[in-house]
>>> print(open('target-v6.cif').read())   # mmCIF, C-alpha atoms
data_final
loop_
_atom_site.label_atom_id
_atom_site.label_comp_id
_atom_site.auth_asym_id
_atom_site.auth_seq_id
_atom_site.Cartn_x
_atom_site.Cartn_y
_atom_site.Cartn_z
CA MET K 20 86.37 42.67 199.46
CA ARG K 21 89.09 43.05 202.09
CA TYR K 22 90.77 46.38 202.86
CA CYS K 23 94.31 45.84 204.09
CA GLY K 24 96.62 48.28 205.83
CA ILE K 25 100.34 47.74 206.36
CA SER K 26 102.62 49.61 208.77
CA VAL K 27 106.29 49.03 209.57
CA ALA K 28 106.83 47.67 213.09
CA ARG K 29 110.41 47.34 214.34
CA GLY K 30 111.80 45.61 211.30
CA LEU K 31 108.62 43.67 210.54
CA LEU K 32 105.29 44.48 208.89
CA GLN K 33 102.06 44.92 210.83
CA MET K 34 98.81 44.17 208.98
CA CYS K 35 95.19 45.04 209.71
CA VAL K 36 92.34 43.89 207.48
CA LEU K 37 88.92 45.55 207.38
CA ALA K 38 85.69 44.20 205.91
CA GLU K 39 82.33 45.89 205.43
CA GLU K 40 79.46 44.71 207.60
CA ARG K 41 76.11 46.06 206.51
CA VAL K 42 73.60 46.53 209.30
CA SER K 43 69.89 47.40 209.34
CA GLN K 44 70.65 51.03 210.10
CA PRO K 45 73.62 52.99 208.70
CA PRO K 46 76.50 53.55 209.06
CA ILE K 47 78.34 50.49 207.76
CA ARG K 48 80.55 48.85 210.38
CA LEU K 49 84.16 47.97 209.56
CA PRO K 50 85.21 44.93 211.61
CA ALA K 51 89.00 44.76 211.94
CA THR K 52 91.27 41.73 212.08
CA PHE K 53 94.84 42.26 213.28
CA TYR K 54 97.72 39.93 212.43
CA GLU K 55 100.96 39.25 214.25
CA PRO K 56 103.88 41.27 212.82
CA GLY K 57 105.72 39.33 210.15
CA THR K 58 108.06 39.40 207.19
CA ALA K 59 107.17 40.68 203.76
CA THR K 60 106.94 37.11 202.52
CA ALA K 61 104.55 36.11 205.31
CA VAL K 62 102.33 39.15 204.75
CA ALA K 63 102.24 38.55 201.00
CA GLY K 64 101.29 34.92 201.66
CA ALA K 65 98.38 36.01 203.85
CA LEU K 66 97.20 38.43 201.16
CA ASP K 67 97.42 35.73 198.51
CA GLY K 68 94.92 33.72 200.56
CA MET K 69 92.30 36.46 200.22
CA GLU K 70 90.17 36.63 197.09
CA GLU K 71 89.76 40.39 196.62
CA VAL K 72 92.00 42.84 198.42
CA VAL K 73 92.99 46.49 198.34
CA VAL K 74 96.33 47.14 200.04
CA ALA K 75 97.58 50.43 201.49
CA VAL K 76 101.26 50.40 202.45
CA GLY K 77 102.23 53.05 204.99
CA ALA K 78 105.82 53.44 203.83
CA PRO K 79 107.59 54.55 200.62
CA LEU K 80 107.34 52.12 197.73
CA THR K 81 109.77 54.08 195.55
CA ARG K 82 112.99 55.98 196.13
CA PRO K 83 113.88 59.55 195.11
CA ALA K 84 115.36 60.02 191.66
CA VAL K 85 119.14 60.21 191.43
CA GLY K 86 120.30 63.62 192.58
CA HIS K 87 117.10 64.34 194.53
CA ALA K 88 116.82 64.22 198.31
CA GLU K 89 113.04 63.69 198.27
CA ARG K 90 110.26 62.76 195.90
CA LEU K 91 107.67 65.37 195.00
CA CYS K 92 105.03 63.57 197.10
CA ASP K 93 107.34 63.83 200.13
CA GLU K 94 107.87 67.53 199.48
CA GLU K 95 104.09 68.03 199.21
CA LEU K 96 103.55 66.27 202.54
CA ARG K 97 106.26 68.30 204.25
CA ARG K 98 104.78 71.54 202.88
CA ARG K 99 101.48 70.57 204.48
CA GLY K 100 103.16 69.96 207.85
CA VAL K 101 103.51 66.16 207.70
CA ALA K 102 106.92 64.51 207.93
CA PRO K 103 107.55 61.96 205.15
CA GLU K 104 108.44 58.41 206.15
CA PRO K 105 111.96 57.16 205.43
CA ALA K 106 112.37 54.32 202.97
CA ALA K 107 112.02 50.92 204.66
CA GLY K 108 113.43 47.72 203.24
CA GLU K 109 110.47 45.80 204.63
CA ALA K 110 107.98 47.77 202.55
CA LEU K 111 110.10 47.54 199.42
CA GLY K 112 110.39 43.81 200.05
CA LEU K 113 106.61 43.56 200.25
CA LEU K 114 106.32 45.32 196.91
CA THR K 115 108.59 42.66 195.42
CA ALA K 116 106.54 39.89 197.03
CA LEU K 117 103.36 41.41 195.62
CA ALA K 118 104.80 41.68 192.11
CA GLY K 119 101.60 40.29 190.59
CA ARG K 120 99.52 43.21 191.93
CA SER K 121 99.75 46.62 190.27
CA VAL K 122 100.59 49.77 192.25
CA PHE K 123 98.39 52.82 191.70
CA ALA K 124 99.90 55.51 189.48
CA PRO K 125 97.92 58.35 187.87
CA ALA K 126 97.81 58.49 184.09
CA PRO K 127 100.96 60.20 182.72
CA GLU K 128 98.87 62.98 181.22
CA ALA K 129 97.79 63.94 184.75
CA GLY K 130 101.23 65.45 185.23
CA ALA K 131 102.91 66.19 188.54
CA GLY K 132 100.91 67.70 191.38
CA GLU K 133 97.71 66.22 192.78
CA GLY K 134 94.33 64.88 191.80
CA ALA K 135 91.39 62.68 192.72
CA THR K 136 91.90 58.93 192.41
CA PRO K 137 89.70 57.66 189.57
CA GLU K 138 86.56 55.73 190.40
CA GLY K 139 87.27 52.01 190.31
CA ALA K 140 91.06 52.46 190.27
CA TYR K 141 91.39 49.63 192.78
CA ARG K 142 90.27 47.10 190.16
CA THR K 143 93.44 47.51 188.10
CA ALA K 144 95.74 48.91 190.81
CA PRO K 145 94.87 47.32 194.16
CA VAL K 146 98.10 48.42 195.89
CA PHE K 147 99.07 51.99 196.77
CA GLU K 148 101.42 53.94 198.99
CA THR K 149 100.09 56.10 201.78
CA ASN K 150 101.51 58.04 204.71
CA ILE K 151 99.89 57.07 207.99
CA GLU K 152 100.42 60.40 209.72
CA GLY K 153 99.01 62.03 206.59
CA VAL K 154 95.99 59.72 206.79
CA PHE K 155 95.18 60.84 210.32
CA CYS K 156 95.72 64.51 209.41
CA ALA K 157 93.48 64.15 206.36
CA LEU K 158 90.74 62.48 208.41
CA GLN K 159 90.89 65.19 211.09
CA GLY K 160 91.60 68.12 208.77
CA ARG K 161 94.44 69.25 211.04
CA ARG K 162 97.66 68.03 212.60
CA LEU K 163 97.53 65.71 215.61
CA PRO K 164 99.67 65.56 218.74
CA ALA K 165 102.73 63.36 218.26
CA ARG K 166 102.19 59.62 218.54
CA ARG K 167 104.51 59.57 221.59
CA HIS K 168 102.09 61.89 223.46
CA PRO K 169 99.19 60.22 225.37
CA LEU K 170 96.73 62.64 223.79
CA GLY K 171 98.14 61.80 220.36
CA VAL K 172 97.42 58.11 220.85
CA ALA K 173 93.93 58.88 222.18
CA ARG K 174 93.07 61.13 219.22
CA ARG K 175 94.13 58.45 216.76
CA ILE K 176 92.04 55.76 218.43
CA GLU K 177 89.04 58.07 218.74
CA GLU K 178 89.24 58.80 215.01
CA LEU K 179 89.15 55.10 214.14
CA VAL K 180 86.19 54.55 216.47
CA GLU K 181 84.31 57.47 214.89
CA ASP K 182 84.97 55.91 211.48
CA HIS K 183 83.15 52.77 212.71
CA ILE K 184 86.16 50.45 212.91
CA VAL K 185 85.35 47.63 215.32
CA ASP K 186 88.12 45.52 216.82
CA GLU K 187 87.03 41.89 216.49
CA GLY K 188 89.84 40.62 218.71
CA GLY K 189 89.59 42.92 221.73
CA GLU K 190 89.59 46.70 221.99
CA LEU K 191 91.44 49.31 219.97
CA TRP K 192 92.51 50.85 223.29
CA TYR K 193 94.49 47.69 224.05
CA ARG K 194 96.42 47.70 220.77
CA ARG K 195 100.02 48.71 220.09
CA ILE K 196 100.53 51.97 218.20
CA GLU K 197 101.75 50.02 215.13
CA GLU K 198 98.43 48.17 215.08
CA ILE K 199 96.52 51.45 215.33
CA GLU K 200 98.55 52.78 212.42
CA SER K 201 97.90 49.68 210.32
CA ALA K 202 94.16 50.17 210.94
CA ALA K 203 94.47 53.76 209.68
CA ALA K 204 96.16 52.48 206.53
CA ALA K 205 93.36 49.92 206.09
CA LEU K 206 90.81 52.73 206.40
CA ALA K 207 92.69 54.59 203.65
CA ALA K 208 92.37 51.43 201.53
CA HIS K 209 88.61 51.46 202.10
CA ARG K 210 88.30 55.13 201.14
CA TYR K 211 90.40 54.51 198.02
CA ALA K 212 88.14 51.61 197.02
CA VAL K 213 84.95 53.67 197.41
CA GLY K 214 86.40 56.53 195.35
CA HIS K 215 87.03 59.01 198.16
CA ALA K 216 90.79 59.57 197.97
CA TRP K 217 93.34 62.01 196.59
CA TRP K 218 96.89 61.55 195.30
CA LEU K 219 99.95 63.79 195.67
CA GLY K 220 103.24 63.69 193.78
CA ASP K 221 104.68 62.87 190.39
CA PRO K 222 103.36 59.77 188.59
CA ALA K 223 106.84 59.23 187.15
CA GLU K 224 108.40 58.68 190.59
CA GLY K 225 105.50 57.45 192.73
CA VAL K 226 102.58 59.11 194.50
CA ILE K 227 101.01 59.05 197.96
CA VAL K 228 97.26 58.49 198.37
CA LEU K 229 95.31 60.05 201.24
CA PRO K 230 91.61 59.77 202.15
CA GLY K 231 89.26 62.63 201.39
CA SER K 232 88.08 64.79 198.53
CA ARG K 233 91.18 66.99 198.67
CA PRO K 234 93.87 67.65 201.30
CA PRO K 235 94.24 71.25 202.45
CA ALA K 236 97.19 73.40 201.39
CA GLN K 237 98.46 73.03 204.95
CA PHE K 238 97.26 71.09 207.97
CA SER K 239 96.74 73.55 210.81
CA ALA K 240 98.65 73.04 214.04
CA GLU K 241 96.43 75.46 215.95
CA GLY K 242 95.01 73.96 219.15
CA VAL K 243 96.80 70.63 218.68
CA LEU K 244 97.62 70.51 222.40
CA PRO K 245 95.53 72.24 225.09
CA PRO K 246 97.55 74.75 227.11
CA VAL K 247 98.90 73.55 230.44
CA ALA K 248 100.71 75.37 233.24
CA ARG K 249 104.35 74.64 234.03
CA VAL K 250 106.21 76.14 236.98
CA PRO K 251 109.69 77.47 236.03
CA LEU K 252 112.67 76.00 237.81
CA THR K 253 114.85 78.32 239.85
CA GLY K 254 118.61 78.31 240.23
CA PRO K 255 121.34 77.17 237.83
#
>>> encode(input="target-v6.cif", output="structure tokens")
Amino acid sequence: MRYCGISVARGLLQMCVLAEERVSQPPIRLPATFYEPGTATAVAGALDGMEEVVVAVGAPLTRPAVGHAERLCDEELRRRGVAPEPAAGEALGLLTALAGRSVFAPAPEAGAGEGATPEGAYRTAPVFETNIEGVFCALQGRRLPARRHPLGVARRIEELVEDHIVDEGGELWYRRIEEIESAAAALAAHRYAVGHAWWLGDPAEGVIVLPGSRPPAQFSAEGVLPPVARVPLTGP
């Protein structure tokens, strides 16, 4: 089984693929393989060359209904303190290229809201939408410093290291932020496959899947950045 994460990188798609490596003593290691950014067609071709895959796409795979500014899953993310991602043509193009693979959607009787992803859902629906910032918040149980902040980048890498992701081609600390984000999406794919994930939204318009047993009502922003001193400027 391969656990694939996709992020959008400057008009292209960035892919990371994880595999389980069982060792004599737990925990299981997750060796990571990173690919060069590419088009939706190129990424789909690489996925077609893998026998069994679960794919987490870190961008919207559906658009809001006519007359609505946002989908319910986007509203649920925003309420929890996570900004939704804008629609990206690259991700929608990947969905078209992966037309033979079903996208996860809860059973209609589940109704709108949230719920645990069913055990073994990946067998019939190996593709799902996630939100990468939401993935990191769910893993940490709180909000993180912005990705443009040095501490924000460090916290994201430290989280992946603590989750036993091992960079087979170098060091996570040497990677671009889009690669780090694709690894987070791949980790969400792994959690979805092992039955440790939760969905938010309306099955009729598309849902977002995050790792964990259940996301909190709101991700706390308390203590996100340590306090630092700044000297006020004087004069006009």
>>> closest_residue(input="target-v6.cif", among="K:Pro125, K:Leu32, K:Ala51, K:Arg166", to="K:Gly188", atoms="all atoms listed in the file")
K:Ala51
>>> atom_distance(input="target-v6.cif", atom1="atom CA of K:Ala59", atom2="atom CA of K:Glu148")
15.2 Å
>>> residues_around(input="target-v6.cif", residues="stretch 86-98 of chain K", least_positions_apart="6", cutoff="6 Å", atoms="only C-alpha atoms", output="list in words")
Leu219, Gly220 and Val226 of chain K
>>> residues_near_point(input="target-v6.cif", point="(96.1, 61.1, 213.6)", cutoff="9 Å", atoms="all atoms listed in the file", output="short mmCIF file (atom, residue, chain, number, x, y, z; two decimals) with C-alpha atoms, in the coordinates of the input")
data_model
loop_
_atom_site.label_atom_id
_atom_site.label_comp_id
_atom_site.auth_asym_id
_atom_site.auth_seq_id
_atom_site.Cartn_x
_atom_site.Cartn_y
_atom_site.Cartn_z
CA ILE K 151 99.89 57.07 207.99
CA GLU K 152 100.42 60.40 209.72
CA GLY K 153 99.01 62.03 206.59
CA VAL K 154 95.99 59.72 206.79
CA PHE K 155 95.18 60.84 210.32
CA CYS K 156 95.72 64.51 209.41
CA ALA K 157 93.48 64.15 206.36
CA LEU K 158 90.74 62.48 208.41
CA GLN K 159 90.89 65.19 211.09
CA ARG K 161 94.44 69.25 211.04
CA ARG K 162 97.66 68.03 212.60
CA LEU K 163 97.53 65.71 215.61
CA PRO K 164 99.67 65.56 218.74
CA ALA K 165 102.73 63.36 218.26
CA ARG K 166 102.19 59.62 218.54
CA GLY K 171 98.14 61.80 220.36
CA VAL K 172 97.42 58.11 220.85
CA ARG K 174 93.07 61.13 219.22
CA ARG K 175 94.13 58.45 216.76
CA ILE K 176 92.04 55.76 218.43
CA GLU K 178 89.24 58.80 215.01
CA GLU K 200 98.55 52.78 212.42
CA ALA K 203 94.47 53.76 209.68
#
>>> resolve_selection(input="target-v6.cif", expression="the PyMOL selection byres ((chain K and resi 244) around 9)", output="PyMOL selection string")
chain K and resi 163-164+170-171+240-243+245-247
>>> residues_around(input="target-v6.cif", residues="K:Gly130", least_positions_apart="4", cutoff="10 Å", atoms="only C-alpha atoms", output="list in words")
Pro125, Ala126, Gly134, Gly220, Asp221, Pro222 and Ala223 of chain K
>>> resolve_selection(input="target-v6.cif", expression="the PyMOL selection byres ((chain K and resi 63) around 12)", output="MDAnalysis selection string")
chainID K and resid 23 25 32:34 57:62 64:69 72 74 76 109:110 112:120 146
>>> atom_distance(input="target-v6.cif", atom1="atom CA of K:Ile184", atom2="atom CA of K:Val42")
13.6 Å
>>> resolve_selection(input="target-v6.cif", expression="the PyMOL selection byres ((chain K and resi 136) around 10)", output="list in words")
Phe123, Ala124, Pro125, Glu133, Gly134, Ala135, Pro137, Glu138, Gly139, Ala140, Tyr141, Tyr211, Ala212, Gly214, His215, Ala216, Trp217, Trp218, Leu219, Val228, Leu229, Pro230 and Ser232 of chain K
>>> closest_residue(input="target-v6.cif", among="K:Cys35, K:Ala75, K:Val101, K:Val250", to="K:Ile199", atoms="only C-alpha atoms")
K:Cys35
>>> atom_distance(input="target-v6.cif", atom1="atom CA of K:Tyr22", atom2="atom CA of K:His209")
5.6 Å
>>> closest_residue(input="target-v6.cif", among="K:Val185, K:Ile47, K:Val27, K:Val122", to="K:Ala78", atoms="all atoms listed in the file")
K:Val27
>>> closest_residue(input="target-v6.cif", among="K:Arg142, K:His183, K:Arg195, K:Arg82", to="K:Glu55", atoms="all atoms listed in the file")
K:Arg195
>>> residues_around(input="target-v6.cif", residues="K:Gly189", least_positions_apart="3", cutoff="12 Å", atoms="all atoms listed in the file", output="list in words")
Pro50, Ala51, Thr52, Phe53, Val185, Asp186, Trp192, Tyr193 and Arg194 of chain K
>>> closest_residue(input="target-v6.cif", among="K:Glu198, K:Glu39, K:Glu128, K:Glu70", to="K:Val213", atoms="only C-alpha atoms")
K:Glu39
>>> closest_residue(input="target-v6.cif", among="K:Arg29, K:Pro235, K:Val85, K:Glu224", to="K:Ala131", atoms="only C-alpha atoms")
K:Glu224
>>> build_atoms(input="target-v6.cif", residues="stretch 181-213 of chain K", atoms="N, CA and C atoms", output="PDB file, keeping the file's coordinate frame")
ATOM      1  N   GLU K 181      85.315  56.634 215.562  1.00  0.00           N
ATOM      2  CA  GLU K 181      84.310  57.470 214.890  1.00  0.00           C
ATOM      3  C   GLU K 181      84.100  57.044 213.447  1.00  0.00           C
ATOM      4  N   ASP K 182      85.108  56.405 212.852  1.00  0.00           N
ATOM      5  CA  ASP K 182      84.970  55.910 211.480  1.00  0.00           C
ATOM      6  C   ASP K 182      84.419  54.492 211.454  1.00  0.00           C
ATOM      7  N   HIS K 183      83.915  54.024 212.601  1.00  0.00           N
ATOM      8  CA  HIS K 183      83.150  52.770 212.710  1.00  0.00           C
ATOM      9  C   HIS K 183      84.019  51.520 212.531  1.00  0.00           C
ATOM     10  N   ILE K 184      85.301  51.636 212.874  1.00  0.00           N
ATOM     11  CA  ILE K 184      86.160  50.450 212.910  1.00  0.00           C
ATOM     12  C   ILE K 184      85.919  49.735 214.234  1.00  0.00           C
ATOM     13  N   VAL K 185      85.661  48.442 214.142  1.00  0.00           N
ATOM     14  CA  VAL K 185      85.350  47.630 215.320  1.00  0.00           C
ATOM     15  C   VAL K 185      86.415  46.555 215.452  1.00  0.00           C
ATOM     16  N   ASP K 186      87.069  46.507 216.584  1.00  0.00           N
ATOM     17  CA  ASP K 186      88.120  45.520 216.820  1.00  0.00           C
ATOM     18  C   ASP K 186      87.486  44.176 217.164  1.00  0.00           C
ATOM     19  N   GLU K 187      87.616  43.204 216.278  1.00  0.00           N
ATOM     20  CA  GLU K 187      87.030  41.890 216.490  1.00  0.00           C
ATOM     21  C   GLU K 187      87.790  41.045 217.516  1.00  0.00           C
ATOM     22  N   GLY K 188      89.026  41.443 217.818  1.00  0.00           N
ATOM     23  CA  GLY K 188      89.840  40.620 218.710  1.00  0.00           C
ATOM     24  C   GLY K 188      90.123  41.250 220.050  1.00  0.00           C
ATOM     25  N   GLY K 189      89.355  42.257 220.445  1.00  0.00           N
ATOM     26  CA  GLY K 189      89.590  42.920 221.730  1.00  0.00           C
ATOM     27  C   GLY K 189      89.077  44.345 221.686  1.00  0.00           C
ATOM     28  N   GLU K 190      89.939  45.287 222.004  1.00  0.00           N
ATOM     29  CA  GLU K 190      89.590  46.700 221.990  1.00  0.00           C
ATOM     30  C   GLU K 190      90.727  47.478 221.360  1.00  0.00           C
ATOM     31  N   LEU K 191      90.400  48.481 220.566  1.00  0.00           N
ATOM     32  CA  LEU K 191      91.440  49.310 219.970  1.00  0.00           C
ATOM     33  C   LEU K 191      92.328  49.943 221.048  1.00  0.00           C
ATOM     34  N   TRP K 192      91.728  50.223 222.200  1.00  0.00           N
ATOM     35  CA  TRP K 192      92.510  50.850 223.290  1.00  0.00           C
ATOM     36  C   TRP K 192      93.573  49.914 223.837  1.00  0.00           C
ATOM     37  N   TYR K 193      93.499  48.635 223.561  1.00  0.00           N
ATOM     38  CA  TYR K 193      94.490  47.690 224.050  1.00  0.00           C
ATOM     39  C   TYR K 193      95.604  47.431 223.041  1.00  0.00           C
ATOM     40  N   ARG K 194      95.496  48.006 221.860  1.00  0.00           N
ATOM     41  CA  ARG K 194      96.420  47.700 220.770  1.00  0.00           C
ATOM     42  C   ARG K 194      97.713  48.526 220.850  1.00  0.00           C
ATOM     43  N   ARG K 195      98.783  47.971 220.250  1.00  0.00           N
ATOM     44  CA  ARG K 195     100.020  48.710 220.090  1.00  0.00           C
ATOM     45  C   ARG K 195      99.823  49.817 219.059  1.00  0.00           C
ATOM     46  N   ILE K 196     100.683  50.845 219.125  1.00  0.00           N
ATOM     47  CA  ILE K 196     100.530  51.970 218.200  1.00  0.00           C
ATOM     48  C   ILE K 196     100.713  51.513 216.760  1.00  0.00           C
ATOM     49  N   GLU K 197     101.577  50.515 216.503  1.00  0.00           N
ATOM     50  CA  GLU K 197     101.750  50.020 215.130  1.00  0.00           C
ATOM     51  C   GLU K 197     100.470  49.380 214.606  1.00  0.00           C
ATOM     52  N   GLU K 198      99.706  48.758 215.489  1.00  0.00           N
ATOM     53  CA  GLU K 198      98.430  48.170 215.080  1.00  0.00           C
ATOM     54  C   GLU K 198      97.413  49.269 214.765  1.00  0.00           C
ATOM     55  N   ILE K 199      97.403  50.309 215.593  1.00  0.00           N
ATOM     56  CA  ILE K 199      96.520  51.450 215.330  1.00  0.00           C
ATOM     57  C   ILE K 199      96.852  52.065 213.980  1.00  0.00           C
ATOM     58  N   GLU K 200      98.131  52.181 213.681  1.00  0.00           N
ATOM     59  CA  GLU K 200      98.550  52.780 212.420  1.00  0.00           C
ATOM     60  C   GLU K 200      98.180  51.880 211.235  1.00  0.00           C
ATOM     61  N   SER K 201      98.293  50.578 211.414  1.00  0.00           N
ATOM     62  CA  SER K 201      97.900  49.680 210.320  1.00  0.00           C
ATOM     63  C   SER K 201      96.397  49.768 210.065  1.00  0.00           C
ATOM     64  N   ALA K 202      95.614  49.995 211.110  1.00  0.00           N
ATOM     65  CA  ALA K 202      94.160  50.170 210.940  1.00  0.00           C
ATOM     66  C   ALA K 202      93.862  51.453 210.172  1.00  0.00           C
ATOM     67  N   ALA K 203      94.649  52.507 210.426  1.00  0.00           N
ATOM     68  CA  ALA K 203      94.470  53.760 209.680  1.00  0.00           C
ATOM     69  C   ALA K 203      94.780  53.544 208.200  1.00  0.00           C
ATOM     70  N   ALA K 204      95.829  52.786 207.922  1.00  0.00           N
ATOM     71  CA  ALA K 204      96.160  52.480 206.530  1.00  0.00           C
ATOM     72  C   ALA K 204      95.039  51.672 205.883  1.00  0.00           C
ATOM     73  N   ALA K 205      94.472  50.720 206.620  1.00  0.00           N
ATOM     74  CA  ALA K 205      93.360  49.920 206.090  1.00  0.00           C
ATOM     75  C   ALA K 205      92.152  50.809 205.804  1.00  0.00           C
ATOM     76  N   LEU K 206      91.908  51.798 206.648  1.00  0.00           N
ATOM     77  CA  LEU K 206      90.810  52.730 206.400  1.00  0.00           C
ATOM     78  C   LEU K 206      91.076  53.531 205.126  1.00  0.00           C
ATOM     79  N   ALA K 207      92.346  53.906 204.903  1.00  0.00           N
ATOM     80  CA  ALA K 207      92.690  54.590 203.650  1.00  0.00           C
ATOM     81  C   ALA K 207      92.404  53.688 202.456  1.00  0.00           C
ATOM     82  N   ALA K 208      92.664  52.384 202.608  1.00  0.00           N
ATOM     83  CA  ALA K 208      92.370  51.430 201.530  1.00  0.00           C
ATOM     84  C   ALA K 208      90.873  51.401 201.244  1.00  0.00           C
ATOM     85  N   HIS K 209      90.065  51.446 202.285  1.00  0.00           N
ATOM     86  CA  HIS K 209      88.610  51.460 202.100  1.00  0.00           C
ATOM     87  C   HIS K 209      88.164  52.725 201.375  1.00  0.00           C
ATOM     88  N   ARG K 210      88.683  53.868 201.780  1.00  0.00           N
ATOM     89  CA  ARG K 210      88.300  55.130 201.140  1.00  0.00           C
ATOM     90  C   ARG K 210      88.754  55.148 199.675  1.00  0.00           C
ATOM     91  N   TYR K 211      89.910  54.604 199.401  1.00  0.00           N
ATOM     92  CA  TYR K 211      90.400  54.510 198.020  1.00  0.00           C
ATOM     93  C   TYR K 211      89.462  53.647 197.185  1.00  0.00           C
ATOM     94  N   ALA K 212      89.006  52.540 197.766  1.00  0.00           N
ATOM     95  CA  ALA K 212      88.140  51.610 197.020  1.00  0.00           C
ATOM     96  C   ALA K 212      86.768  52.215 196.736  1.00  0.00           C
ATOM     97  N   VAL K 213      86.275  53.077 197.625  1.00  0.00           N
ATOM     98  CA  VAL K 213      84.950  53.670 197.410  1.00  0.00           C
ATOM     99  C   VAL K 213      85.048  55.004 196.661  1.00  0.00           C
TER     100      VAL K 213
END
